[in-house]
file target-v7.txt (compact mmCIF, C-alpha atoms)
# COMPACT_ATOMS: atom_id res chain seq x y z
CA MET O 229 -2.44 59.91 -90.53
CA VAL O 230 -6.08 60.83 -91.05
CA SER O 231 -8.08 58.40 -93.14
CA ASN O 232 -10.49 59.50 -95.85
CA ASP O 233 -13.41 58.37 -93.71
CA GLN O 234 -12.18 60.40 -90.73
CA ARG O 235 -11.63 63.40 -92.97
CA ARG O 236 -15.19 63.14 -94.29
CA ARG O 237 -16.56 62.99 -90.75
CA GLN O 238 -14.45 66.00 -89.77
CA LEU O 239 -15.71 68.01 -92.76
CA ALA O 240 -19.29 66.99 -91.96
CA ARG O 241 -18.89 68.20 -88.36
CA GLU O 242 -17.41 71.50 -89.53
CA LYS O 243 -20.24 71.93 -92.00
CA PHE O 244 -22.80 71.20 -89.28
CA LEU O 245 -21.20 73.77 -86.96
CA ARG O 246 -21.26 76.39 -89.71
CA GLN O 247 -24.93 75.66 -90.32
CA GLN O 248 -25.71 75.98 -86.63
CA GLU O 249 -23.86 79.28 -86.48
CA ARG O 250 -25.81 80.60 -89.47
CA ARG O 251 -29.06 79.52 -87.84
CA GLN O 252 -28.19 81.26 -84.60
CA THR O 253 -27.21 84.42 -86.49
CA ALA O 254 -30.47 84.37 -88.42
CA ARG O 255 -32.45 83.87 -85.20
CA ARG O 256 -30.67 86.78 -83.51
CA ARG O 257 -31.38 89.02 -86.48
CA ALA O 258 -35.02 87.92 -86.48
CA ARG O 259 -35.35 88.70 -82.78
CA ARG O 260 -33.88 92.15 -83.36
CA ARG O 261 -36.34 92.77 -86.19
CA ASN O 262 -39.38 91.84 -84.14
CA VAL O 263 -40.76 94.56 -81.89
CA VAL O 264 -43.25 93.62 -79.18
CA ILE O 265 -46.31 95.88 -79.04
CA ALA O 266 -48.56 95.85 -75.99
CA SER O 267 -46.60 92.79 -74.77
CA THR O 268 -48.47 90.47 -77.14
CA LEU O 269 -47.35 91.35 -80.66
CA ALA O 270 -44.59 89.53 -82.44
CA VAL O 271 -44.34 91.95 -85.35
CA LEU O 272 -44.98 95.57 -86.18
CA VAL O 273 -46.10 96.76 -89.59
CA VAL O 274 -43.40 99.05 -90.91
CA ALA O 275 -42.88 100.59 -94.33
CA GLY O 276 -42.82 103.79 -96.36
CA GLY O 277 -39.51 105.25 -97.43
CA GLY O 278 -37.47 102.56 -95.61
CA ALA O 279 -37.31 100.65 -92.35
CA TRP O 280 -36.68 102.55 -89.12
CA ALA O 281 -33.86 101.72 -86.77
CA GLY O 282 -35.81 98.89 -85.11
CA GLY O 283 -35.62 97.03 -88.41
CA ALA O 284 -38.90 95.14 -88.18
CA PHE O 285 -38.84 94.61 -91.93
CA ASP O 286 -35.67 95.76 -93.66
CA SER O 287 -33.95 95.09 -96.95
CA ASP O 288 -31.69 92.50 -95.32
CA LYS O 289 -34.60 90.20 -94.56
CA ALA O 290 -34.53 88.49 -97.94
CA LYS O 291 -30.85 87.68 -97.49
CA ASP O 292 -31.47 86.38 -93.95
CA ASP O 293 -34.27 84.14 -95.17
CA LYS O 294 -31.96 82.64 -97.81
CA SER O 295 -29.33 81.94 -95.16
CA THR O 296 -31.90 80.28 -92.91
CA ASP O 297 -33.25 78.15 -95.76
CA ALA O 298 -29.74 77.08 -96.77
CA ALA O 299 -28.88 76.13 -93.20
CA ALA O 300 -32.03 74.06 -92.86
CA ALA O 301 -31.57 72.27 -96.18
CA PRO O 302 -29.95 69.07 -94.78
CA SER O 303 -33.03 68.38 -92.65
CA ALA O 304 -36.29 68.17 -94.56
CA SER O 305 -38.29 68.36 -91.33
CA ALA O 306 -36.70 71.73 -90.49
CA SER O 307 -37.94 73.36 -93.68
CA PRO O 308 -41.33 75.11 -93.48
CA SER O 309 -44.12 73.26 -95.24
CA LYS O 310 -45.28 74.98 -98.40
CA ALA O 311 -48.83 74.74 -99.66
CA PRO O 312 -49.50 74.69 -103.41
CA ASP O 313 -49.57 78.12 -105.03
CA PRO O 314 -53.27 78.99 -105.43
CA CYS O 315 -52.65 81.91 -107.78
CA ASP O 316 -52.09 82.44 -111.48
CA LYS O 317 -49.02 83.74 -113.26
CA PRO O 318 -48.64 87.54 -113.35
CA ALA O 319 -49.77 89.46 -116.39
CA ALA O 320 -47.12 90.60 -118.83
CA GLY O 321 -45.53 93.91 -117.90
CA SER O 322 -43.09 95.47 -115.47
CA VAL O 323 -43.17 97.81 -112.50
CA LYS O 324 -42.92 101.51 -113.30
CA LYS O 325 -40.12 103.33 -111.50
CA LEU O 326 -42.04 106.42 -110.39
CA SER O 327 -41.14 108.96 -107.74
CA TYR O 328 -42.58 112.34 -106.83
CA LYS O 329 -41.16 115.22 -104.83
CA LYS O 330 -44.33 116.08 -102.95
CA GLU O 331 -47.78 114.80 -102.10
CA PRO O 332 -50.35 115.58 -104.80
CA ALA O 333 -52.84 118.31 -103.97
CA VAL O 334 -56.12 116.90 -102.66
CA GLY O 335 -58.50 116.89 -105.58
CA ILE O 336 -61.00 114.19 -104.68
CA ASP O 337 -64.58 114.86 -103.63
CA THR O 338 -64.59 113.96 -99.94
CA SER O 339 -68.38 113.63 -99.96
CA ALA O 340 -68.32 111.00 -102.74
CA ASP O 341 -67.79 107.24 -102.62
CA TYR O 342 -64.58 105.79 -104.03
CA THR O 343 -63.63 102.19 -104.67
CA MET O 344 -60.22 100.70 -105.31
CA LYS O 345 -60.04 97.49 -107.31
CA LEU O 346 -56.93 95.35 -107.06
CA ALA O 347 -56.90 92.91 -109.96
CA THR O 348 -54.44 90.38 -108.54
CA THR O 349 -53.10 87.06 -109.71
CA CYS O 350 -55.15 85.47 -106.93
CA GLY O 351 -58.44 87.19 -107.75
CA ALA O 352 -60.07 90.62 -107.53
CA ILE O 353 -59.98 92.50 -104.23
CA ASP O 354 -62.47 95.38 -104.08
CA ILE O 355 -61.99 98.01 -101.39
CA ALA O 356 -64.45 100.72 -100.34
CA LEU O 357 -62.33 103.81 -99.62
CA ASP O 358 -63.03 106.26 -96.82
CA ALA O 359 -62.51 109.59 -98.57
CA LYS O 360 -64.30 111.54 -95.86
CA ASN O 361 -62.06 110.50 -92.97
CA ALA O 362 -58.81 109.84 -94.85
CA PRO O 363 -58.80 112.37 -97.71
CA HIS O 364 -55.03 112.66 -98.11
CA THR O 365 -54.59 108.89 -98.21
CA VAL O 366 -57.45 108.21 -100.62
CA ASN O 367 -56.37 111.11 -102.82
CA SER O 368 -52.85 109.67 -102.96
CA PHE O 369 -54.11 106.24 -103.97
CA ASP O 370 -56.32 107.79 -106.62
CA PHE O 371 -53.29 109.66 -107.97
CA LEU O 372 -50.84 106.74 -107.85
CA ALA O 373 -53.28 104.20 -109.29
CA GLY O 374 -53.99 106.60 -112.14
CA LYS O 375 -50.26 106.68 -112.91
CA GLY O 376 -50.01 102.88 -112.93
CA TYR O 377 -47.77 102.97 -109.87
CA PHE O 378 -49.12 99.76 -108.32
CA ASP O 379 -49.37 97.75 -111.55
CA HIS O 380 -47.24 94.59 -111.59
CA THR O 381 -46.09 95.08 -107.99
CA LYS O 382 -46.04 92.07 -105.69
CA CYS O 383 -47.45 91.89 -102.19
CA HIS O 384 -44.20 91.23 -100.39
CA ARG O 385 -45.18 90.35 -96.83
CA LEU O 386 -47.60 88.04 -95.04
CA THR O 387 -47.84 87.77 -91.27
CA THR O 388 -49.54 84.78 -89.69
CA ALA O 389 -48.70 85.24 -85.99
CA GLY O 390 -49.54 88.10 -83.63
CA ILE O 391 -51.05 90.15 -86.42
CA TYR O 392 -52.69 88.83 -89.58
CA VAL O 393 -52.03 91.01 -92.58
CA LEU O 394 -50.94 90.99 -96.21
CA GLN O 395 -48.70 93.94 -97.04
CA CYS O 396 -48.54 95.43 -100.53
CA GLY O 397 -47.79 98.65 -102.38
CA ASP O 398 -44.00 98.56 -102.62
CA PRO O 399 -42.59 98.77 -106.16
CA SER O 400 -39.20 97.55 -104.93
CA GLY O 401 -40.80 94.40 -103.53
CA ASN O 402 -38.67 94.30 -100.38
CA GLY O 403 -40.45 96.63 -97.95
CA THR O 404 -38.31 99.73 -98.50
CA GLY O 405 -40.00 101.44 -101.45
CA GLY O 406 -42.24 104.48 -101.57
CA PRO O 407 -43.55 107.22 -103.86
CA GLY O 408 -41.00 109.86 -102.80
CA TYR O 409 -43.39 111.70 -100.48
CA THR O 410 -45.06 110.94 -97.18
CA LEU O 411 -48.64 111.27 -95.99
CA PRO O 412 -50.13 112.58 -92.74
CA ASP O 413 -51.66 110.05 -90.37
CA GLU O 414 -55.46 110.14 -90.59
CA ASN O 415 -58.54 108.59 -89.04
CA LEU O 416 -56.66 107.19 -86.05
CA LYS O 417 -59.66 107.81 -83.79
CA SER O 418 -61.98 105.74 -85.97
CA LYS O 419 -64.72 104.02 -84.02
CA LYS O 420 -63.92 100.86 -85.95
CA LEU O 421 -60.63 100.53 -84.06
CA LYS O 422 -62.10 99.39 -80.75
CA GLY O 423 -59.86 97.94 -78.07
CA ASN O 424 -56.71 98.44 -80.14
CA VAL O 425 -57.94 95.97 -82.73
CA TYR O 426 -57.87 96.39 -86.50
CA PRO O 427 -60.83 94.23 -87.49
CA ALA O 428 -60.72 91.77 -90.36
CA GLY O 429 -61.45 93.53 -93.64
CA THR O 430 -59.62 96.72 -92.72
CA VAL O 431 -57.14 98.30 -95.12
CA ALA O 432 -54.59 100.58 -93.46
CA MET O 433 -51.33 102.36 -94.16
CA ALA O 434 -47.97 100.96 -93.16
CA ASN O 435 -45.52 103.52 -91.78
CA GLN O 436 -42.29 103.99 -89.84
CA TYR O 437 -43.82 104.90 -86.48
CA ASN O 438 -41.85 103.60 -83.49
CA ALA O 439 -44.21 103.13 -80.57
CA GLN O 440 -41.32 102.94 -78.10
CA THR O 441 -39.68 106.24 -79.03
CA LYS O 442 -42.87 107.93 -80.26
CA GLU O 443 -41.01 108.92 -83.43
CA GLY O 444 -42.03 108.49 -87.05
CA ARG O 445 -45.48 110.02 -87.24
CA HIS O 446 -46.81 110.99 -90.68
CA THR O 447 -44.48 108.67 -92.58
CA GLY O 448 -46.95 106.69 -94.68
CA GLY O 449 -46.08 106.37 -98.36
CA SER O 450 -47.55 103.82 -100.75
CA GLN O 451 -47.36 100.62 -98.70
CA PHE O 452 -50.56 99.35 -97.14
CA PHE O 453 -51.80 96.25 -95.40
CA LEU O 454 -54.97 94.20 -95.70
CA VAL O 455 -56.22 92.60 -92.48
CA TYR O 456 -57.57 89.08 -93.01
CA GLN O 457 -58.18 88.33 -89.30
CA ASP O 458 -58.77 90.61 -86.31
CA SER O 459 -55.34 91.94 -85.32
CA GLN O 460 -54.25 93.50 -82.05
CA LEU O 461 -52.58 96.77 -83.02
CA PRO O 462 -52.54 100.23 -81.47
CA PRO O 463 -54.30 102.91 -83.58
CA ASP O 464 -51.11 104.17 -85.23
CA TYR O 465 -51.84 103.20 -88.83
CA THR O 466 -54.30 105.14 -90.99
CA PRO O 467 -57.38 102.99 -91.71
CA PHE O 468 -58.71 104.08 -95.08
CA GLY O 469 -60.70 101.24 -96.59
CA THR O 470 -62.84 98.14 -96.13
CA ILE O 471 -62.48 94.94 -98.16
CA SER O 472 -65.55 93.43 -99.84
CA ALA O 473 -66.82 89.96 -98.91
CA ASP O 474 -65.51 88.46 -102.16
CA GLY O 475 -62.20 90.22 -101.63
CA MET O 476 -61.93 88.63 -98.18
CA LYS O 477 -62.27 85.19 -99.79
CA VAL O 478 -59.32 85.99 -102.02
CA LEU O 479 -57.33 87.26 -99.06
CA LYS O 480 -58.09 84.12 -97.03
CA LYS O 481 -56.91 81.96 -99.93
CA ILE O 482 -53.60 83.84 -99.88
CA ALA O 483 -53.28 83.54 -96.11
CA ASP O 484 -54.07 79.82 -96.14
CA ALA O 485 -51.09 79.23 -98.44
CA GLY O 486 -48.81 80.55 -95.68
CA GLU O 487 -45.51 82.41 -95.75
CA ASN O 488 -42.06 81.25 -96.72
CA THR O 489 -40.17 81.28 -93.40
CA GLY O 490 -42.47 79.17 -91.26
CA GLN O 491 -41.93 81.73 -88.48
CA GLY O 492 -45.06 83.79 -89.02
CA ASP O 493 -43.56 86.69 -90.99
CA GLY O 494 -42.23 86.47 -94.52
CA ALA O 495 -43.06 86.54 -98.19
CA PRO O 496 -46.36 84.84 -99.05
CA ASN O 497 -46.11 81.42 -100.63
CA ALA O 498 -48.85 82.49 -103.00
CA THR O 499 -47.72 84.48 -106.02
CA VAL O 500 -49.57 87.68 -105.13
CA VAL O 501 -49.05 90.31 -107.81
CA ILE O 502 -51.27 93.32 -108.44
CA ASP O 503 -51.70 93.15 -112.21
CA LYS O 504 -53.74 96.35 -112.19
CA ALA O 505 -54.96 98.80 -109.54
CA THR O 506 -57.75 101.26 -110.28
CA VAL O 507 -59.65 103.80 -108.21
CA ALA O 508 -63.12 104.83 -109.30
CA LYS O 509 -65.62 107.39 -108.04
CA SER O 510 -69.17 106.13 -107.71
call {"tool": "encode", "arguments": {"input": "target-v7.txt", "output": "structure tokens"}}
result
Amino acid sequence: MVSNDQRRRQLAREKFLRQQERRQTARRRARRRNVVIASTLAVLVVAGGGAWAGGAFDSDKAKDDKSTDAAAAPSASASPSKAPDPCDKPAAGSVKKLSYKKEPAVGIDTSADYTMKLATTCGAIDIALDAKNAPHTVNSFDFLAGKGYFDHTKCHRLTTAGIYVLQCGDPSGNGTGGPGYTLPDENLKSKKLKGNVYPAGTVAMANQYNAQTKEGRHTGGSQFFLVYQDSQLPPDYTPFGTISADGMKVLKKIADAGENTGQGDGAPNATVVIDKATVAKS
């Protein structure tokens, strides 16, 4: 006859084995999501209308993260350390559910200077836009910002290993959203992208390009990433803006707070919400 104490130990062992199995499953899924670029990258920036077959950042990630966190719960040392949230609460309001059948006609003045201002919960991030070399992209941001498309959206992804970026621009908040249309790749031969490096301060488009199969060109939508530290990446992502010095301070504050998985790729610990995005011609 099994005693109560033996039964408790048996249940504890079974629980531990289930936790280990969940951890292994989560690790396998994470390895499948990560695509190595140029043999040194742990992650690849992917977004637009949805994740491509490689699944570097798909809608299942949030569920996987919850499973991993639950499995690690019995051991405090296994949980990633979380810095205090350096940001304020989001402004009142909700994300607009907007979608368009086609890219808006280019109506910006490509010889003029444009600036995008992201009024975020963590501070203002000003971005000088490159209308001359990325007219379709800048025109799209001018159009979408004017419609309030980015307002109240959260920046859903922070990478802290391999590449160093904050990814924003997805109304769904999980890496799969887009405006309903795609944009052509632009400015990929920019002189700023020397040695396959996106320098700190660069703002570029996320997309669904698969470097291994060479498929997925011209798939940018509304998601973009802000580079807070020089990042080794091939020139496959439209660079279309440069962050101001004050904006970089805000970005560094967000990066310093870390991400929620402790594995270098997850949601930022900071509450990063774009309260308002505006594009202005100067």
call {"tool": "atom_distance", "arguments": {"input": "target-v7.txt", "atom1": "CA of Lys330 (chain O)", "atom2": "CA of Lys360 (chain O)"}}
result
21.7 Å
call {"tool": "closest_atom_pairs", "arguments": {"input": "target-v7.txt", "of": "region 481-504 of chain O", "to": "region 320-324 of chain O", "cutoff": "12 Å", "atoms": "only C-alpha atoms", "output": "Markdown table"}}
result
| residue | atom | partner | partner_atom | distance |
| --- | --- | --- | --- | --- |
| O:Val501 | CA | O:Val323 | CA | 10.6 |
| O:Ile502 | CA | O:Val323 | CA | 10.1 |
| O:Asp503 | CA | O:Gly321 | CA | 8.4 |
| O:Lys504 | CA | O:Gly321 | CA | 10.3 |
call {"tool": "closest_residue", "arguments": {"input": "target-v7.txt", "among": "O:Met344, O:Thr489, O:Leu411, O:Val500", "to": "Gly374 (chain O)", "atoms": "all atoms listed in the file"}}
result
O:Met344
call {"tool": "residues_around", "arguments": {"input": "target-v7.txt", "residues": "Asp354 (chain O)", "least_positions_apart": "2", "cutoff": "8 Å", "atoms": "all atoms listed in the file", "output": "PyMOL selection string"}}
result
chain O and resi 343-346+352+356+471-472+474-475
call {"tool": "atom_distance", "arguments": {"input": "target-v7.txt", "atom1": "CA of Ala319 (chain O)", "atom2": "CA of Tyr409 (chain O)"}}
result
28.1 Å
call {"tool": "build_atoms", "arguments": {"input": "target-v7.txt", "residues": "region 400-418 of chain O", "atoms": "N, CA and C atoms", "output": "short mmCIF file (atom, residue, chain, number, x, y, z; two decimals), in the frame of the given file"}}
result
data_model
loop_
_atom_site.label_atom_id
_atom_site.label_comp_id
_atom_site.auth_asym_id
_atom_site.auth_seq_id
_atom_site.Cartn_x
_atom_site.Cartn_y
_atom_site.Cartn_z
N SER O 400 -40.49 98.24 -105.04
CA SER O 400 -39.20 97.55 -104.93
C SER O 400 -39.38 96.10 -104.52
N GLY O 401 -40.52 95.78 -103.90
CA GLY O 401 -40.80 94.40 -103.53
C GLY O 401 -40.09 93.89 -102.30
N ASN O 402 -39.40 94.77 -101.55
CA ASN O 402 -38.67 94.30 -100.38
C ASN O 402 -39.01 95.05 -99.10
N GLY O 403 -40.02 95.92 -99.16
CA GLY O 403 -40.45 96.63 -97.95
C GLY O 403 -39.81 97.97 -97.74
N THR O 404 -39.01 98.45 -98.68
CA THR O 404 -38.31 99.73 -98.50
C THR O 404 -38.76 100.81 -99.47
N GLY O 405 -39.64 100.48 -100.40
CA GLY O 405 -40.00 101.44 -101.45
C GLY O 405 -41.12 102.39 -101.07
N GLY O 406 -41.19 103.49 -101.79
CA GLY O 406 -42.24 104.48 -101.57
C GLY O 406 -42.32 105.44 -102.74
N PRO O 407 -43.31 106.34 -102.71
CA PRO O 407 -43.55 107.22 -103.86
C PRO O 407 -42.68 108.48 -103.88
N GLY O 408 -41.84 108.66 -102.86
CA GLY O 408 -41.00 109.86 -102.80
C GLY O 408 -41.53 110.91 -101.86
N TYR O 409 -42.78 110.78 -101.43
CA TYR O 409 -43.39 111.70 -100.48
C TYR O 409 -44.05 110.91 -99.36
N THR O 410 -44.38 111.59 -98.29
CA THR O 410 -45.06 110.94 -97.18
C THR O 410 -46.42 111.57 -96.95
N LEU O 411 -47.27 110.84 -96.24
CA LEU O 411 -48.64 111.27 -95.99
C LEU O 411 -48.88 111.49 -94.50
N PRO O 412 -49.79 112.40 -94.16
CA PRO O 412 -50.13 112.58 -92.74
C PRO O 412 -50.97 111.40 -92.24
N ASP O 413 -50.81 111.06 -90.98
CA ASP O 413 -51.66 110.05 -90.37
C ASP O 413 -53.09 110.58 -90.30
N GLU O 414 -54.05 109.73 -90.58
CA GLU O 414 -55.46 110.14 -90.59
C GLU O 414 -56.34 109.08 -89.94
N ASN O 415 -57.48 109.51 -89.47
CA ASN O 415 -58.54 108.59 -89.04
C ASN O 415 -58.11 107.65 -87.92
N LEU O 416 -57.16 108.07 -87.11
CA LEU O 416 -56.66 107.19 -86.05
C LEU O 416 -57.64 107.04 -84.88
N LYS O 417 -58.64 107.90 -84.84
CA LYS O 417 -59.66 107.81 -83.79
C LYS O 417 -60.94 107.16 -84.31
N SER O 418 -60.83 106.42 -85.39
CA SER O 418 -61.98 105.74 -85.97
C SER O 418 -62.66 104.84 -84.95
#
